[in-house]
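Q: coords_28.csv is reproduced below (CSV, C-alpha atoms).
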```csv
chain,number,residue,atom,x,y,z
A,9,MET,CA,2.0,27.9,38.2
A,10,THR,CA,1.3,24.2,38.7
A,11,PRO,CA,2.1,21.7,35.9
A,12,GLU,CA,-1.6,21.1,35.4
A,13,GLN,CA,-2.2,24.8,35.0
A,14,LEU,CA,0.7,25.0,32.6
A,15,GLU,CA,-0.5,22.1,30.5
A,16,ARG,CA,-4.0,23.6,30.5
A,17,LYS,CA,-2.7,26.9,29.3
A,18,ARG,CA,-0.6,25.3,26.6
A,19,LYS,CA,-3.6,23.4,25.4
A,20,TYR,CA,-5.7,26.5,25.3
A,21,ASN,CA,-3.0,28.4,23.4
A,22,ARG,CA,-2.7,25.6,20.9
A,23,GLU,CA,-6.5,25.5,20.4
A,24,TYR,CA,-6.7,29.3,20.2
A,25,SER,CA,-3.9,29.5,17.6
A,26,ALA,CA,-5.4,26.6,15.5
A,27,ARG,CA,-8.8,28.4,15.6
A,28,LYS,CA,-7.3,31.7,14.6
A,29,TYR,CA,-5.2,30.1,11.9
A,30,ALA,CA,-8.3,28.3,10.5
A,31,GLU,CA,-10.1,31.6,10.4
A,32,VAL,CA,-7.5,33.6,8.5
A,33,LYS,CA,-5.5,31.1,6.5
A,34,ASP,CA,-7.5,31.5,3.3
A,35,THR,CA,-7.8,35.3,3.4
A,36,PRO,CA,-5.7,37.2,0.8
A,37,GLU,CA,-4.2,39.5,3.5
A,38,PHE,CA,-2.8,36.5,5.4
A,39,LYS,CA,-1.4,35.0,2.2
A,40,ALA,CA,0.2,38.3,1.2
A,41,LYS,CA,1.7,38.6,4.7
A,42,CYS,CA,3.2,35.1,4.5
A,43,LYS,CA,4.6,35.8,1.1
A,44,LEU,CA,6.2,39.0,2.3
A,45,ALA,CA,7.6,37.3,5.4
A,46,SER,CA,9.1,34.6,3.3
A,47,GLN,CA,10.6,37.2,0.9
A,48,ASN,CA,12.0,39.3,3.7
A,49,CYS,CA,13.7,36.5,5.6
A,50,THR,CA,17.4,36.1,5.1
A,51,GLU,CA,19.1,32.9,3.9
A,52,GLU,CA,20.3,32.2,7.4
A,53,GLN,CA,16.8,32.4,8.8
A,54,ARG,CA,15.6,30.1,6.0
A,55,ALA,CA,18.4,27.6,6.8
A,56,ARG,CA,17.6,27.8,10.5
A,57,LYS,CA,13.9,27.2,9.8
A,58,ARG,CA,14.7,24.2,7.5
A,59,LYS,CA,17.0,22.7,10.2
A,60,SER,CA,14.3,23.2,12.8
A,61,ASN,CA,11.7,21.6,10.5
A,62,ARG,CA,14.0,18.6,9.9
A,63,GLU,CA,14.7,18.2,13.6
A,64,ASN,CA,11.1,18.4,14.4
A,65,ALA,CA,10.2,15.8,11.8
A,66,ALA,CA,12.9,13.5,13.1
A,67,ARG,CA,11.7,13.9,16.6
A,68,TRP,CA,8.1,13.0,15.6
A,69,LEU,CA,9.4,10.0,13.6
A,70,ALA,CA,11.3,8.7,16.5
A,71,LYS,CA,8.4,9.3,18.8
A,72,ASP,CA,5.6,7.7,16.8
A,73,PRO,CA,6.7,6.3,13.4
A,74,GLU,CA,3.3,4.7,12.6
A,75,LYS,CA,1.5,8.0,13.1
A,76,VAL,CA,3.9,9.9,10.9
A,77,LYS,CA,3.6,7.3,8.2
A,78,ALA,CA,-0.2,7.4,8.4
A,79,TYR,CA,-0.1,11.2,8.2
A,80,HIS,CA,2.1,11.1,5.1
A,81,ARG,CA,-0.1,8.5,3.4
A,82,ALA,CA,-3.2,10.6,4.2
A,83,TYR,CA,-1.4,13.8,2.9
A,84,LYS,CA,-0.4,12.0,-0.3
A,85,ARG,CA,-4.0,10.8,-0.9
A,86,LYS,CA,-5.3,14.3,-0.3
A,87,MET,CA,-2.8,15.9,-2.6
A,88,TYR,CA,-3.6,13.3,-5.3
A,89,LYS,CA,-7.3,13.9,-5.0
A,90,GLU,CA,-6.8,17.7,-5.3
A,91,SER,CA,-4.4,17.8,-8.2
A,92,PRO,CA,-3.5,14.4,-9.7
A,93,GLU,CA,-1.5,15.9,-12.6
A,94,LYS,CA,0.7,17.9,-10.3
A,95,VAL,CA,1.4,14.8,-8.1
A,96,LEU,CA,2.1,12.5,-11.1
A,97,LYS,CA,4.4,15.1,-12.6
A,98,ARG,CA,6.4,15.4,-9.4
A,99,SER,CA,6.4,11.7,-8.9
A,100,SER,CA,7.8,11.0,-12.3
A,101,ALA,CA,10.4,13.7,-11.8
A,102,TRP,CA,11.5,12.2,-8.5
A,103,LYS,CA,11.6,8.7,-10.2
A,104,LYS,CA,13.9,10.1,-12.9
A,105,ALA,CA,16.2,11.7,-10.3
A,106,ASN,CA,16.3,8.7,-7.9
A,107,VAL,CA,16.6,5.6,-10.2
A,108,ALA,CA,18.4,3.5,-7.6
A,109,ARG,CA,16.0,4.3,-4.8
A,110,VAL,CA,13.1,3.4,-7.1
A,111,ALA,CA,14.6,0.1,-7.9
A,112,ALA,CA,15.3,-0.6,-4.2
A,113,ASN,CA,11.7,0.4,-3.3
A,114,GLN,CA,10.4,-1.9,-6.0
A,115,VAL,CA,12.3,-4.9,-4.6
A,116,LYS,CA,11.1,-4.0,-1.1
A,117,TRP,CA,7.5,-3.8,-2.3
A,118,ARG,CA,7.7,-7.1,-4.2
A,119,ASN,CA,8.9,-8.9,-1.0
A,120,THR,CA,5.9,-7.7,1.0
A,121,ASP,CA,2.6,-9.7,1.3
A,122,MET,CA,0.8,-7.1,-0.8
A,123,GLY,CA,3.5,-7.2,-3.4
A,124,TYR,CA,3.2,-11.0,-3.7
A,125,LEU,CA,-0.5,-10.7,-3.9
A,126,SER,CA,-0.3,-8.1,-6.6
A,127,SER,CA,2.2,-10.1,-8.7
A,128,CYS,CA,0.1,-13.2,-8.3
A,129,LYS,CA,-2.9,-11.3,-9.5
A,130,GLY,CA,-1.0,-10.1,-12.5
A,131,ASN,CA,0.2,-13.6,-13.4
A,132,LEU,CA,-3.3,-15.1,-13.1
A,133,ALA,CA,-4.8,-12.3,-15.2
A,134,ARG,CA,-2.1,-12.9,-17.9
A,135,GLN,CA,-2.7,-16.7,-17.9
A,136,LEU,CA,-6.5,-16.3,-18.2
A,137,GLY,CA,-6.3,-13.3,-20.6
A,138,VAL,CA,-8.6,-11.1,-18.5
A,139,ALA,CA,-8.1,-7.8,-16.7
A,140,ALA,CA,-6.8,-8.0,-13.2
A,141,LYS,CA,-9.9,-6.3,-11.8
A,142,ASP,CA,-12.2,-9.0,-13.3
A,143,LEU,CA,-10.5,-11.8,-11.4
A,144,PRO,CA,-12.4,-13.1,-8.4
A,145,ASP,CA,-10.7,-12.0,-5.1
A,146,GLU,CA,-11.1,-15.5,-3.6
A,147,LEU,CA,-9.1,-17.1,-6.4
A,148,VAL,CA,-6.3,-14.6,-6.1
A,149,GLU,CA,-6.1,-14.9,-2.3
A,150,ALA,CA,-6.2,-18.7,-2.4
A,151,LYS,CA,-3.4,-18.8,-5.0
A,152,SER,CA,-1.4,-16.3,-3.0
A,153,ALA,CA,-1.7,-18.4,0.1
A,154,GLN,CA,-0.6,-21.5,-1.8
A,155,LEU,CA,2.4,-19.6,-3.2
A,156,LYS,CA,3.3,-18.4,0.2
A,157,VAL,CA,3.5,-21.9,1.5
A,158,ILE,CA,5.6,-23.0,-1.5
A,159,ARG,CA,8.0,-20.1,-0.9
A,160,LEU,CA,8.3,-21.0,2.8
A,161,ILE,CA,9.0,-24.6,2.0
A,162,ARG,CA,11.6,-23.6,-0.5
A,163,ASP,CA,13.2,-21.2,2.0
A,164,LEU,CA,13.3,-23.8,4.7
A,165,GLY,CA,14.3,-26.8,2.6
B,293,MET,CA,-14.5,-30.7,-3.9
B,294,LYS,CA,-13.0,-28.0,-1.9
B,295,THR,CA,-14.0,-24.4,-2.3
B,296,LEU,CA,-11.6,-21.5,-2.7
B,297,SER,CA,-12.1,-20.3,0.8
B,298,ASP,CA,-11.4,-23.8,2.1
B,299,ILE,CA,-8.2,-23.9,0.2
B,300,LYS,CA,-7.2,-20.5,1.5
B,301,GLN,CA,-7.9,-21.5,5.1
B,302,ASP,CA,-6.0,-24.8,4.7
B,303,MET,CA,-3.0,-23.1,3.2
B,304,SER,CA,-3.0,-20.5,6.0
B,305,ASP,CA,-3.1,-23.3,8.6
B,306,LEU,CA,-0.4,-25.2,6.7
B,307,TYR,CA,1.8,-22.1,6.6
B,308,GLU,CA,1.5,-21.7,10.4
B,309,GLN,CA,2.2,-25.4,11.0
B,310,VAL,CA,5.3,-25.4,8.7
B,311,ARG,CA,6.6,-22.3,10.4
B,312,ALA,CA,6.2,-23.9,13.8
B,313,GLY,CA,7.9,-27.1,12.5
B,314,GLN,CA,4.8,-29.3,13.2
B,315,VAL,CA,4.6,-30.7,9.6
B,316,ASP,CA,7.2,-32.5,7.6
B,317,LEU,CA,8.4,-30.3,4.7
B,318,LYS,CA,7.9,-33.1,2.1
B,319,THR,CA,4.3,-33.6,3.3
B,320,ALA,CA,3.7,-29.8,3.2
B,321,GLY,CA,5.1,-29.6,-0.3
B,322,GLU,CA,2.7,-32.4,-1.4
B,323,LEU,CA,-0.2,-30.7,0.2
B,324,ALA,CA,0.7,-27.4,-1.5
B,325,ASN,CA,1.0,-29.1,-4.8
B,326,ILE,CA,-2.4,-30.8,-4.4
B,327,SER,CA,-4.1,-27.4,-3.6
B,328,GLY,CA,-2.4,-26.1,-6.7
B,329,LYS,CA,-4.3,-28.7,-8.7
B,330,PHE,CA,-7.6,-27.6,-7.1
B,331,LEU,CA,-6.7,-24.0,-8.0
B,332,LYS,CA,-5.9,-25.0,-11.5
B,333,ALA,CA,-9.3,-26.6,-11.8
B,334,GLU,CA,-10.9,-23.4,-10.6
B,335,GLN,CA,-8.9,-21.4,-13.0
B,336,LEU,CA,-10.0,-23.6,-15.9
B,337,GLN,CA,-13.6,-23.3,-14.8
B,338,LEU,CA,-13.2,-19.5,-14.8
B,339,ALA,CA,-11.5,-19.5,-18.1
B,340,ARG,CA,-14.3,-21.6,-19.6
B,341,GLU,CA,-16.9,-19.2,-18.2
B,342,ILE,CA,-15.0,-16.2,-19.7
B,343,PHE,CA,-14.7,-18.0,-23.0
B,344,LEU,CA,-18.4,-18.9,-23.2
B,345,ASN,CA,-19.4,-15.4,-22.3
B,346,SER,CA,-17.2,-13.9,-24.9
B,347,LYS,CA,-18.5,-16.4,-27.5
B,348,GLN,CA,-22.1,-15.5,-26.6
B,349,LEU,CA,-21.2,-11.8,-27.1
B,350,VAL,CA,-19.8,-12.5,-30.5
B,351,ILE,CA,-22.9,-14.5,-31.6
B,352,GLU,CA,-25.1,-11.6,-30.3
B,353,ASN,CA,-23.0,-9.1,-32.2
B,354,ASP,CA,-23.2,-11.2,-35.4
B,355,ALA,CA,-27.0,-11.5,-35.1
```
Could you write out this file's structure as structure tokens?

A:
Amino acid sequence: MTPEQLERKRKYNREYSARKYAEVKDTPEFKAKCKLASQNCTEEQRARKRKSNRENAARWLAKDPEKVKAYHRAYKRKMYKESPEKVLKRSSAWKKANVARVAANQVKWRNTDMGYLSSCKGNLARQLGVAAKDLPDELVEAKSAQLKVIRLIRDLG
Amino acid sequence: MKTLSDIKQDMSDLYEQVRAGQVDLKTAGELANISGKFLKAEQLQLAREIFLNSKQLVIENDA
């Protein structure tokens, strides 16, 4: 079999399995089968599966980090839209369990452009005594640009 | 009088120039301060509008 034929066959198989999965994934029989399979598998099999999943994720991350990040962001948005309470509950539980990481992420966020813009917006809203959403975007952006210059001058000088 | 978009554009240009070392830091600092004054004026104008609007609302409510 030539490489082109092999690739075509792989592509067909992928499409076929995706089509089949889409057909049966919501049926109760398929769900019951999955549940049974997960109950019947041994601890070793589970560990192997987890390891394989981890390796696969790491491979994808190394291959195309932007794509993986975009996928995760889209997945999070989808989950939040479907069941916001569940997501918020999980998120607060994670925050309680990882206080140091939350603090580190906050510092990282504050040092980004969006973080500066958000903090600038909050400060302006506090000074004017209005809600942040009522502030004109142009004012916030101009103020943020000015603060960016001041920060750069401070860093250089 | 400069508009907010002018100030934003000026500050973006100034940022690039300072990064490239084309402008003296002291001059850049002064320019940033001056644009801060413009922004303060805009803020005051906005605060005035907000204040007047809320005052009108109170009068309407009293009436």

Q: Can you tell me which residues surround range 134-145 of chain A at a distance of at most 10 Å, considering all atoms listed in the file, apart from same-chain residues fewer than 5 positions away, and format the answer as a ChimeraX atom specification?

A: /A:126,128-129,150-151 /B:296,335-336,338-340,342-343

Q: Put those residues in a file: C-alpha atoms, as a CSV table (one decimal), in the coordinates of the input.

A:
```csv
chain,number,residue,atom,x,y,z
A,126,SER,CA,-0.3,-8.1,-6.6
A,128,CYS,CA,0.1,-13.2,-8.3
A,129,LYS,CA,-2.9,-11.3,-9.5
A,150,ALA,CA,-6.2,-18.7,-2.4
A,151,LYS,CA,-3.4,-18.8,-5.0
B,296,LEU,CA,-11.6,-21.5,-2.7
B,335,GLN,CA,-8.9,-21.4,-13.0
B,336,LEU,CA,-10.0,-23.6,-15.9
B,338,LEU,CA,-13.2,-19.5,-14.8
B,339,ALA,CA,-11.5,-19.5,-18.1
B,340,ARG,CA,-14.3,-21.6,-19.6
B,342,ILE,CA,-15.0,-16.2,-19.7
B,343,PHE,CA,-14.7,-18.0,-23.0
```

Q: For a test of reading the model, state the distance in Å between CA of Lys300 in chain B and CA of Glu149 in chain A, rounded to one decimal.

A: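 Separation between CA of Lys300 in chain B and CA of Glu149 in chain A: 6.9 Å.
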
Q: With 8 Å as the limit and counting all atoms listed in the file, what residues in chain A lie close to chain B? Please list them as a list of chain:residue names.

A: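 Using all atoms listed in the file, chain A residues at most 8 Å from chain B: A:Leu136, A:Glu146, A:Leu147, A:Glu149, A:Ala150, A:Lys151, A:Ala153, A:Gln154, A:Lys156, A:Val157, A:Ile158, A:Leu160, A:Ile161, A:Gly165.
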
Q: One decimal, in Å: what's the spacing between CA of Lys84 in chain A and CA of Ala65 in chain A?

A: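 Separating CA of Lys84 in chain A from CA of Ala65 in chain A is a distance of 16.5 Å.
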
Q: Could you jot down the CA of Val148 in chain A to CA of Leu344 in chain B separation for me, Å, one decimal place?

A: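 Separating CA of Val148 in chain A from CA of Leu344 in chain B is a distance of 21.4 Å.
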